[in-house]
Amino acid sequence: MRLTRYFLPVLKENPAEAQIVSHRYMLRAGMIKQQAAGIYSWLPLGLKVLRRIEQIVHEEQQKAGHIPLLMPTLQPADLWRESGRYDDYGQEMLRIRDRQDREMLYGPTNEEMITDIFRSHVTSYKELPLTLYHIQWKFRDEMRPRFGVMRGREFLMKDGYNFDVDKESAIHAYNRHMVSYLRTYERMGLTAIPMRAASGPIGGDNTHEFLVLASTGESEVFYDEAVTTLRLGGIDIDYHDREQVAGIVQKFTSFYARTDETHDPKAFEDVLEVHRKVGRGIEVGQIFYFGTKYSESMGATVTTADGRKVPVEMGSHGIGVSRLLGAIIEASHDDKGIIWPEGVTPFHAAIVNLKQGDSEADAACEAIYKGLQARGLDPLYDDRDARAGEKFATTDLIGLPWRITVGPRGLKNGVVELTSRRTGESEEMSPEAAIDRVAQIYAAHP
Ligand SMILES: Nc1ncnc2c1ncn2[C@@H]1O[C@H](COP(=O)(O)OP(=O)(O)OP(=O)(O)O)[C@@H](O)[C@H]1O
Ligand SMILES: [Mg+2]
């Protein structure tokens, strides 16, 4: 993309309504525009990051064997009457009437609808295990929408639902979700800690939330510092291997890590004093095992191998896809702007032309631009007729992890400059070497 042909409405001033850094930078970098409280348009740069995050979520879900589908945003109220949640959900649910005066709602989550799909088509254990998921917009009429996309009213969520014949395989589904979520967050450059949580309106007693540590987080968290150093790294995971998956869950949940709702001060005392941490976190996901809560009330049954008819075992699992943009920025920024991890960056590299209109500099930039594209990369070429300082300020603000700076002086010696947004370190090299280096970096972030 050439910046002169793009739509990047960068703001010079700090927007007064933004209280936290991620909201401020998302507005300043021209990623989102508020249309009503907690409701946003996704401008091109914001949409690009949102799509990268969705892509990672899709890939990791499908590696775990989970199957995508797409359910609508609007749902009939009657489905929710079957589970009893139509009345329970309260003011957070946006209730709508259509022209026939039928009661509808904008879905805050999809347990009822997926259970309805399941009971319409599945009757036998032979079709299990089954996990279906989608990435779809949700609406919750939050009391206090704030912090930009962090607590929206309309927000994008990945929600998945597992169906299993018995508790044992449902627990395996729970574990599989935990591991696939850990991998998902790691690919986004995030450390998200699974913490014992309370279940709220979804129901069930086995649940973990995934929290990204950040001083601006809305949840109070209590944890053993050792848990923050755990990583999956590049290990191969066989999602059919119950023991391997359970082993990883065991490792990641063996340390004390709880939100304020389940915090147990007495048990916390057992943690080594120097490791005992109290802080704040952003909830970027939650997994639940709830057994037959919905299948019993909604009549979703399967026949077992020995011919019995039983309510299917279920769980549900959510990732806050749009909230993740805010969480990643809270975890990765400096006073100049965002610093995107390579896994989610909207463009792979910026090309900054220090002297637009200089025929050699222009030609070199074009060659680098095409060279990066030929390697499957997506560069942003700042081809504006603007001062170097202004161009640097823009690429720093929008957070591109790598910048190639091209100017007549360097070109005389056959070099351009490759700069890391994260460290600020620059290195001179030939244009070809810069293309190679950037391609190599991204080869490690498929
Ligand atoms: N209002 C919101 N805006 C943006 N993301 C949200 C919002 N509510 C929930 N999410 C995201 O969706 C994920 C799954 O939804 P879940 O039902 O667990 O939310 P929740 O526990 O009600 O969230 P919270 O406690 O933050 O209100 C959450 O972990 C969170 O990342
Ligand atoms: Mg939750």
# chains A, B, ... in the order shown; residues from 1 in each chain; ligands from 1
>>> select_by_dssp(residues="stretch 227-436 of chain A", states="strand (DSSP E)", output="PyMOL selection string")
chain A and resi 257-259+276-291+301-303+309-311+313-320+333-334+337-338+349-353+379-382+402-406+416-420+426-429
>>> residues_near_ligand(ligand="ligand 1", cutoff="9 Å", atoms="only C-alpha atoms and all ligand atoms", output="NGL selection string")
:A and (38 or 108-109 or 138-142 or 144-146 or 148-159 or 198-202 or 209-211 or 218-219 or 282-288 or 317-324)
>>> residues_around(residues="stretch 127-134 of chain A", least_positions_apart="2", cutoff="6 Å", atoms="only C-alpha atoms", output="PyMOL selection string")
chain A and resi 66-70+124-125+158-164
>>> closest_residue(among="A:Thr405, A:Gly414, A:Leu325, A:Gly376", to="A:Gly189", atoms="only C-alpha atoms")
A:Leu325
>>> residues_around(residues="stretch 223-230 of chain A", least_positions_apart="3", cutoff="12 Å", atoms="only C-alpha atoms", output="MDAnalysis selection string")
chainID A and resid 182:183 186 190:196 211:213 220 233 248:260 262:265 267:281
>>> atom_distance(atom1="atom CA of A:Trp340", atom2="atom CA of A:Pro9")
18.6 Å
>>> residues_around(residues="A:Pro446", least_positions_apart="5", cutoff="12 Å", atoms="only C-alpha atoms", output="list in words")
Arg52, Gln55, Ile56, Glu59, Arg187, Met188, Glu342, Gly343, Val344, His348, Gly376, Leu377, Ala439, Gln440 and Ile441 of chain A
>>> residues_around(residues="A:Asp236", least_positions_apart="2", cutoff="12 Å", atoms="only C-alpha atoms", output="list of chain:residue names")
A:Lys63, A:Ala64, A:Val179, A:Ser180, A:Arg183, A:Leu232, A:Gly233, A:Gly234, A:Asp238, A:Tyr239, A:Asp241, A:Gln244, A:Val245, A:Ile248
>>> write_last_selection(atoms="N, CA and C atoms", output="short mmCIF file (atom, residue, chain, number, x, y, z; two decimals), in the first residue's frame")
data_model
loop_
_atom_site.label_atom_id
_atom_site.label_comp_id
_atom_site.auth_asym_id
_atom_site.auth_seq_id
_atom_site.Cartn_x
_atom_site.Cartn_y
_atom_site.Cartn_z
N LYS A 63 -6.55 -26.22 13.91
CA LYS A 63 -5.51 -27.18 14.27
C LYS A 63 -5.98 -28.09 15.40
N ALA A 64 -6.81 -27.55 16.28
CA ALA A 64 -7.31 -28.35 17.40
C ALA A 64 -8.50 -29.22 16.99
N VAL A 179 -5.28 -25.34 25.74
CA VAL A 179 -3.99 -25.38 25.04
C VAL A 179 -4.05 -24.56 23.74
N SER A 180 -5.14 -24.70 23.00
CA SER A 180 -5.24 -23.94 21.74
C SER A 180 -5.31 -22.43 22.02
N ARG A 183 -1.74 -21.21 22.78
CA ARG A 183 -0.99 -21.07 21.53
C ARG A 183 -1.45 -19.83 20.75
N LEU A 232 4.50 -22.11 25.88
CA LEU A 232 4.41 -23.34 25.09
C LEU A 232 5.61 -23.45 24.16
N GLY A 233 6.04 -22.30 23.63
CA GLY A 233 7.14 -22.32 22.66
C GLY A 233 6.71 -23.06 21.41
N GLY A 234 7.67 -23.70 20.74
CA GLY A 234 7.35 -24.32 19.47
C GLY A 234 6.94 -25.79 19.56
N ASP A 238 -0.22 -32.78 19.78
CA ASP A 238 -1.16 -33.70 19.15
C ASP A 238 -2.46 -33.59 19.93
N TYR A 239 -3.43 -32.90 19.37
CA TYR A 239 -4.66 -32.61 20.11
C TYR A 239 -5.51 -33.86 20.39
N ASP A 241 -4.08 -36.50 21.63
CA ASP A 241 -3.35 -37.16 22.71
C ASP A 241 -3.80 -36.58 24.05
N GLN A 244 -1.00 -35.84 26.67
CA GLN A 244 -0.14 -34.69 26.39
C GLN A 244 -0.89 -33.39 26.69
N VAL A 245 -2.12 -33.30 26.21
CA VAL A 245 -2.90 -32.08 26.38
C VAL A 245 -3.17 -31.84 27.87
N ILE A 248 -0.08 -30.49 29.63
CA ILE A 248 0.17 -29.06 29.44
C ILE A 248 -0.75 -28.24 30.35
#
>>> residues_around(residues="A:Asp378", least_positions_apart="3", cutoff="8 Å", atoms="only C-alpha atoms", output="MDAnalysis selection string")
chainID A and resid 1 347:349 372:373
